[in-house]
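Q: Here you go, one structure.
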Amino acid sequence: MNLAVGIEEAQNHYTVKVSGEIDVYTAPELKDKLLPLTEVHGNDIQVDLKDITYMDSTGLGVFISAYKSAKEHESSMELIHAKDRVSRLFKVTGLDEIMNVRFDDNNKEGQ
Amino acid sequence: MNLAVGIEEAQNHYTVKVSGEIDVYTAPELKDKLLPLTEVHGNDIQVDLKDITYMDSTGLGVFISAYKSAKEHESSMELIHAKDRVSRLFKVTGLDEIMNVRFDDNNKEGQ
Amino acid sequence: MEAFDFMEMKVPAKADYVGVIRLSISGVASRMGFSYEAIEDLKVAISEAVTNVVSHAYEKKEKGEVLIGFAVYENRLEVMVSDQGESFRFEEIRNRIGPVDEMDMVTDVSKLREGGFGLFLINALMDKVEINNEYGVIVVMTKYLDETEVGLNDEVPSQV
Amino acid sequence: MEAFDFMEMKVPAKADYVGVIRLSISGVASRMGFSYEAIEDLKVAISEAVTNVVSHAYEKKEKGEVLIGFAVYENRLEVMVSDQGESFRFEEIRNRIGPVDEMDMVTDVSKLREGGFGLFLINALMDKVEINNEYGVIVVMTKYLDETEVGLNDEVPSQV
Ligand SMILES: Nc1ncnc2c1ncn2[C@@H]1O[C@H](COP(=O)(O)OP(=O)(O)O)[C@@H](O)[C@H]1O
Ligand SMILES: Nc1ncnc2c1ncn2[C@@H]1O[C@H](COP(=O)(O)OP(=O)(O)O)[C@@H](O)[C@H]1O
């Protein structure tokens, strides 16, 4: 039921590893850690979704606001290793067409 | 929440592998599979508890009746690889002093 | 009458308990024999409904509760999520429900809405959804064990 | 008054639902920050209490329900398991509760009882246990988050 967010930094490149469950209880923590990275100019952020075991619309909401904030601040944000259930959510909502999401499953490789 | 019971046979030696959860819902299935083996003369039965992820007094009840039935029919039954939570139940109830239970943890090796 | 088992949970309308409800629903669904995929669908749909109660129902009150009812039938699970908080104008909301391409025709990501996917997901993941909002909000969601029993029903939830 | 969250479940008194209740309790306990060991203790204790309802409470009726209440305090969890079935003669039962060595002085395995470990385990695994059986049976079990808060309390449950 818990969430862990790990951030690796190399100059202005960030890899954010999200593991565990993203729901209304844990989403604020994710937002608090992810948003500040997007509020700096010229950051290059990859969010690794591989170890997410549960996610619902509260997670989508966090990624949408981070994505918008990155655009605004001329940073870039990419979601990587979306698979199974997580990829399903991006596809069913059509968000995969708008945001940078890389899938780990076959249906829609490298979107 | 489920239970699986696998039985390996070599002459009159039986290894019964119990995996999953033993509770009031699954105990009848375990009893149905284990008891018949104890009702034959001269059987030698080892019950492998290694992969039990949950057990409560309903499990103890099944093992007690199997143990008694084995004695009655001059068969032998041994419980092996009791560890963690499962071993705790046998110890706290004192059943480890009466039945053949082999533990996989340090507290009471080879009981 | 068709036989069913009924199970009920009442929890504080707090974010803390959504995960607990999710564990309970996955227990009920796995005992019923739902597939892994269907269990995950149920977890998301029920979490969305409970999250809505946590986030929207009791805005004007200090605290409230969420009531979850599970009706376990031979061939389906019906889950009711209800609150005694604010109702909402379903007709207005209805227009905001849908995947992004259909709804927003967003070409510009900055116009993308950040919420509003909850009811859409509930509808996408369950076989039948009914919403009643006369007194508080009641969302009734049905999922069939055997997917072939499901009629063509992929529209926006109907109001009853 | 000491603040707490209250959560309630009502389920059919059937073996099928014991696992669901176990998932719910493990959710509540893990959210509260109980250790792995303590969560496992809680799962066994609550399952024992619910199993008793399933096995003994409604012997003379066709069906019944079990009600589980969780009172989540800052420093402890109180779980109430109750039914509206048969009461039982606690004073008689009391003498049959205990680990085998103390109780039975069994030297001969054939005399070993096959049941009767449920109430004993509840008492061994929880910090405080109260049983009320005026109308149906109510078992109230308490577990503290911090084990140092627990008084010396390892006797047979008291009747209230
Ligand atoms: N239980 C509820 N009580 C009051 N309003 C609700 C409830 N559920 C949904 N709503 C309203 O419906 C809207 C759409 O809900 P939803 O699709 O889940 O998206 P979101 O919750 O992200 O806004 C909410 O913004 C809210 O105004
Ligand atoms: N909820 C209950 N309703 C009626 N009788 C009960 C209830 N709980 C316990 N009892 C009685 O107490 C006895 C001891 O219970 P327990 O220690 O759990 O062992 P067991 O259930 O294996 O007999 C039971 O056999 C039963 O007679």
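By convention in this document, the chains of the structure tokens carry letters A, B, ... by their order, each chain's residues are numbered from 1, and ligands are numbered from 1 in the order they are shown.
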Residues within 9 Å of Phe63 in chain B, please, as a ChimeraX atom specification. Count only C-alpha atoms; anything in the same chain fewer than 6 positions from it doesn't count.
A: /B:31,34,79 /D:114
Q: With C-alpha atoms retained, export the selected residues as an mmCIF file, in the first residue's frame.
A:
```cif
data_model
loop_
_atom_site.group_PDB
_atom_site.id
_atom_site.type_symbol
_atom_site.label_atom_id
_atom_site.label_comp_id
_atom_site.auth_asym_id
_atom_site.auth_seq_id
_atom_site.Cartn_x
_atom_site.Cartn_y
_atom_site.Cartn_z
ATOM 1 C CA LYS B 31 -7.998 -32.801 5.708
ATOM 2 C CA LEU B 34 -4.126 -35.898 4.202
ATOM 3 C CA LEU B 79 5.894 -32.395 9.867
ATOM 4 C CA GLU D 114 -8.246 -31.360 18.143
#
```
Q: Give the residues of chain C that lie within 6 Å of chain A; count only C-alpha atoms, and format the answer as a VMD selection string.
A: chain C and resid 15 to 16 19 44 99 to 100 110 114 to 115 117 to 118
Q: Keeping only N, CA, C and O atoms, write the selected residues to a file as a PDB file, in the first residue's frame.
A:
```
ATOM      1  N   ALA C  15      -8.148   9.495   2.917  1.00  0.00           N
ATOM      2  CA  ALA C  15      -7.249   8.851   1.947  1.00  0.00           C
ATOM      3  C   ALA C  15      -6.602   7.587   2.518  1.00  0.00           C
ATOM      4  O   ALA C  15      -6.377   6.604   1.801  1.00  0.00           O
ATOM      5  N   ASP C  16      -6.333   7.608   3.826  1.00  0.00           N
ATOM      6  CA  ASP C  16      -5.657   6.491   4.488  1.00  0.00           C
ATOM      7  C   ASP C  16      -6.328   5.135   4.267  1.00  0.00           C
ATOM      8  O   ASP C  16      -5.673   4.094   4.342  1.00  0.00           O
ATOM      9  N   GLY C  19      -6.569   2.225   0.444  1.00  0.00           N
ATOM     10  CA  GLY C  19      -5.779   1.006   0.242  1.00  0.00           C
ATOM     11  C   GLY C  19      -6.363  -0.201   0.960  1.00  0.00           C
ATOM     12  O   GLY C  19      -6.280  -1.329   0.467  1.00  0.00           O
ATOM     13  N   VAL C  44      -9.069  -0.651  -9.335  1.00  0.00           N
ATOM     14  CA  VAL C  44      -9.030   0.741  -9.807  1.00  0.00           C
ATOM     15  C   VAL C  44     -10.421   1.372  -9.712  1.00  0.00           C
ATOM     16  O   VAL C  44     -10.588   2.457  -9.163  1.00  0.00           O
ATOM     17  N   PRO C  99     -12.214   9.870 -22.539  1.00  0.00           N
ATOM     18  CA  PRO C  99     -10.761   9.897 -22.747  1.00  0.00           C
ATOM     19  C   PRO C  99     -10.386  11.253 -23.338  1.00  0.00           C
ATOM     20  O   PRO C  99     -11.245  11.968 -23.854  1.00  0.00           O
ATOM     21  N   VAL C 100      -9.128  11.610 -23.256  1.00  0.00           N
ATOM     22  CA  VAL C 100      -8.753  12.962 -23.656  1.00  0.00           C
ATOM     23  C   VAL C 100      -8.996  13.292 -25.120  1.00  0.00           C
ATOM     24  O   VAL C 100      -9.401  14.400 -25.441  1.00  0.00           O
ATOM     25  N   SER C 110      -0.818  22.108 -22.496  1.00  0.00           N
ATOM     26  CA  SER C 110      -1.048  23.008 -21.372  1.00  0.00           C
ATOM     27  C   SER C 110      -2.536  23.158 -21.063  1.00  0.00           C
ATOM     28  O   SER C 110      -2.928  23.569 -19.985  1.00  0.00           O
ATOM     29  N   GLU C 114      -6.299  18.111 -15.390  1.00  0.00           N
ATOM     30  CA  GLU C 114      -5.523  17.224 -14.527  1.00  0.00           C
ATOM     31  C   GLU C 114      -6.391  16.207 -13.788  1.00  0.00           C
ATOM     32  O   GLU C 114      -5.908  15.265 -13.211  1.00  0.00           O
ATOM     33  N   GLY C 115      -7.668  16.444 -13.774  1.00  0.00           N
ATOM     34  CA  GLY C 115      -8.546  15.504 -13.094  1.00  0.00           C
ATOM     35  C   GLY C 115      -9.626  15.054 -14.049  1.00  0.00           C
ATOM     36  O   GLY C 115      -9.529  15.246 -15.260  1.00  0.00           O
ATOM     37  N   PHE C 117     -10.676  11.959 -14.641  1.00  0.00           N
ATOM     38  CA  PHE C 117     -10.578  10.642 -15.246  1.00  0.00           C
ATOM     39  C   PHE C 117     -11.213   9.558 -14.389  1.00  0.00           C
ATOM     40  O   PHE C 117     -11.336   8.423 -14.815  1.00  0.00           O
ATOM     41  N   GLY C 118     -11.616   9.925 -13.179  1.00  0.00           N
ATOM     42  CA  GLY C 118     -12.134   8.924 -12.252  1.00  0.00           C
ATOM     43  C   GLY C 118     -13.395   8.237 -12.750  1.00  0.00           C
ATOM     44  O   GLY C 118     -13.422   7.012 -12.912  1.00  0.00           O
TER      45      GLY C 118
END
```
Q: As a ChimeraX atom specification, please: the residues near Gly64 in chain C (cut-off 12 Å, only C-alpha atoms, same-chain neighbours under 5 positions excluded).
A: /C:10-14,53-59,82-86,136 /D:5-7
Q: Keeping C-alpha atoms for every residue in the selection just given, could you write it to a file as a short mmCIF file (atom, residue, chain, number, x, y, z; two decimals), in the first residue's frame?
A:
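Output saved as out08.cif:
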```
data_model
loop_
_atom_site.label_atom_id
_atom_site.label_comp_id
_atom_site.auth_asym_id
_atom_site.auth_seq_id
_atom_site.Cartn_x
_atom_site.Cartn_y
_atom_site.Cartn_z
CA LYS C 10 -18.00 1.56 6.59
CA VAL C 11 -14.80 3.58 6.79
CA PRO C 12 -13.84 7.19 7.48
CA ALA C 13 -13.73 9.22 4.26
CA LYS C 14 -9.96 9.59 4.47
CA VAL C 53 -15.91 10.46 -1.73
CA VAL C 54 -12.66 11.33 0.01
CA SER C 55 -11.99 14.28 -2.31
CA HIS C 56 -15.39 15.73 -3.09
CA ALA C 57 -18.22 14.51 -0.89
CA TYR C 58 -17.54 16.25 2.38
CA GLU C 59 -15.98 19.51 1.31
CA SER C 82 -21.99 5.72 -1.23
CA ASP C 83 -21.62 8.83 0.86
CA GLN C 84 -23.88 11.27 2.61
CA GLY C 85 -22.11 14.36 1.39
CA GLU C 86 -22.70 16.87 -1.37
CA GLY C 136 -25.15 12.18 -1.38
CA ASP D 5 -10.94 6.31 13.51
CA PHE D 6 -13.62 3.68 13.41
CA MET D 7 -14.03 1.20 10.60
#
```
Q: In Å, how far is it from CA of Val28 in chain C to CA of Ile21 in chain D?
A: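 CA of Val28 in chain C sits 9.4 Å away from CA of Ile21 in chain D.
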Q: Which distance in Å separates CA of Glu8 in chain C and CA of Glu37 in chain C, to one decimal?
A: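 Between these atoms lies a distance of 23.7 Å.
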Q: List the spatial neighbours of Asn100 in chain B as a list in words - criterion: any atom at most 10 Å away, only C-alpha atoms, same-chain residues fewer than 5 positions off excluded.
A: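 So, after excluding close chain neighbours, the residues are Gln46, Tyr67, Ser76, Met77, Glu78, Leu79, Ile80, Leu95, Gly110 and Gln111 of chain B.
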Q: What are the DSSP strand (DSSP E) residues of range 37-101 of chain B, as a PyMOL selection string?
A: chain B and resi 44-55+76-82+101
Q: Could the residues in this selection be saved with N, CA and C atoms as a PDB file, in the first residue's frame?
A:
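Result written to out-v9.pdb:
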```pdb
ATOM      1  N   ASP B  44       4.369 -44.044   5.704  1.00  0.00           N
ATOM      2  CA  ASP B  44       5.395 -43.168   6.250  1.00  0.00           C
ATOM      3  C   ASP B  44       5.198 -41.809   5.567  1.00  0.00           C
ATOM      4  N   ILE B  45       4.664 -40.859   6.328  1.00  0.00           N
ATOM      5  CA  ILE B  45       4.206 -39.605   5.720  1.00  0.00           C
ATOM      6  C   ILE B  45       5.020 -38.411   6.217  1.00  0.00           C
ATOM      7  N   GLN B  46       5.533 -37.644   5.265  1.00  0.00           N
ATOM      8  CA  GLN B  46       6.186 -36.388   5.629  1.00  0.00           C
ATOM      9  C   GLN B  46       5.359 -35.253   5.063  1.00  0.00           C
ATOM     10  N   VAL B  47       5.026 -34.299   5.917  1.00  0.00           N
ATOM     11  CA  VAL B  47       4.272 -33.146   5.440  1.00  0.00           C
ATOM     12  C   VAL B  47       5.211 -31.946   5.429  1.00  0.00           C
ATOM     13  N   ASP B  48       5.412 -31.387   4.235  1.00  0.00           N
ATOM     14  CA  ASP B  48       6.340 -30.269   4.071  1.00  0.00           C
ATOM     15  C   ASP B  48       5.576 -28.946   4.237  1.00  0.00           C
ATOM     16  N   LEU B  49       5.927 -28.230   5.303  1.00  0.00           N
ATOM     17  CA  LEU B  49       5.189 -27.007   5.650  1.00  0.00           C
ATOM     18  C   LEU B  49       5.862 -25.748   5.097  1.00  0.00           C
ATOM     19  N   LYS B  50       6.934 -25.944   4.336  1.00  0.00           N
ATOM     20  CA  LYS B  50       7.778 -24.813   3.934  1.00  0.00           C
ATOM     21  C   LYS B  50       7.007 -23.661   3.283  1.00  0.00           C
ATOM     22  N   ASP B  51       6.078 -23.992   2.392  1.00  0.00           N
ATOM     23  CA  ASP B  51       5.425 -22.947   1.607  1.00  0.00           C
ATOM     24  C   ASP B  51       4.064 -22.511   2.150  1.00  0.00           C
ATOM     25  N   ILE B  52       3.846 -22.785   3.414  1.00  0.00           N
ATOM     26  CA  ILE B  52       2.609 -22.283   4.027  1.00  0.00           C
ATOM     27  C   ILE B  52       2.790 -20.799   4.331  1.00  0.00           C
ATOM     28  N   THR B  53       1.908 -19.985   3.792  1.00  0.00           N
ATOM     29  CA  THR B  53       2.046 -18.531   3.981  1.00  0.00           C
ATOM     30  C   THR B  53       1.154 -18.022   5.112  1.00  0.00           C
ATOM     31  N   TYR B  54       0.174 -18.831   5.500  1.00  0.00           N
ATOM     32  CA  TYR B  54      -0.684 -18.467   6.624  1.00  0.00           C
ATOM     33  C   TYR B  54      -1.249 -19.737   7.232  1.00  0.00           C
ATOM     34  N   MET B  55      -1.318 -19.776   8.528  1.00  0.00           N
ATOM     35  CA  MET B  55      -1.947 -20.922   9.188  1.00  0.00           C
ATOM     36  C   MET B  55      -2.488 -20.474  10.536  1.00  0.00           C
ATOM     37  N   SER B  76       3.347 -43.538  10.312  1.00  0.00           N
ATOM     38  CA  SER B  76       4.038 -42.445  10.981  1.00  0.00           C
ATOM     39  C   SER B  76       3.867 -41.153  10.188  1.00  0.00           C
ATOM     40  N   MET B  77       3.735 -40.054  10.907  1.00  0.00           N
ATOM     41  CA  MET B  77       3.619 -38.770  10.233  1.00  0.00           C
ATOM     42  C   MET B  77       4.585 -37.789  10.866  1.00  0.00           C
ATOM     43  N   GLU B  78       5.317 -37.101  10.011  1.00  0.00           N
ATOM     44  CA  GLU B  78       6.275 -36.119  10.484  1.00  0.00           C
ATOM     45  C   GLU B  78       6.006 -34.806   9.756  1.00  0.00           C
ATOM     46  N   LEU B  79       6.054 -33.708  10.498  1.00  0.00           N
ATOM     47  CA  LEU B  79       5.894 -32.395   9.867  1.00  0.00           C
ATOM     48  C   LEU B  79       7.291 -31.807   9.687  1.00  0.00           C
ATOM     49  N   ILE B  80       7.638 -31.416   8.468  1.00  0.00           N
ATOM     50  CA  ILE B  80       8.995 -30.898   8.244  1.00  0.00           C
ATOM     51  C   ILE B  80       8.992 -29.454   7.731  1.00  0.00           C
ATOM     52  N   HIS B  81      10.146 -28.806   7.898  1.00  0.00           N
ATOM     53  CA  HIS B  81      10.334 -27.417   7.441  1.00  0.00           C
ATOM     54  C   HIS B  81       9.349 -26.428   8.052  1.00  0.00           C
ATOM     55  N   ALA B  82       9.020 -26.613   9.315  1.00  0.00           N
ATOM     56  CA  ALA B  82       8.196 -25.602   9.989  1.00  0.00           C
ATOM     57  C   ALA B  82       9.088 -24.388  10.244  1.00  0.00           C
ATOM     58  N   VAL B 101       7.659 -32.616  14.916  1.00  0.00           N
ATOM     59  CA  VAL B 101       7.783 -31.419  14.084  1.00  0.00           C
ATOM     60  C   VAL B 101       9.255 -31.082  13.938  1.00  0.00           C
TER      61      VAL B 101
END
```
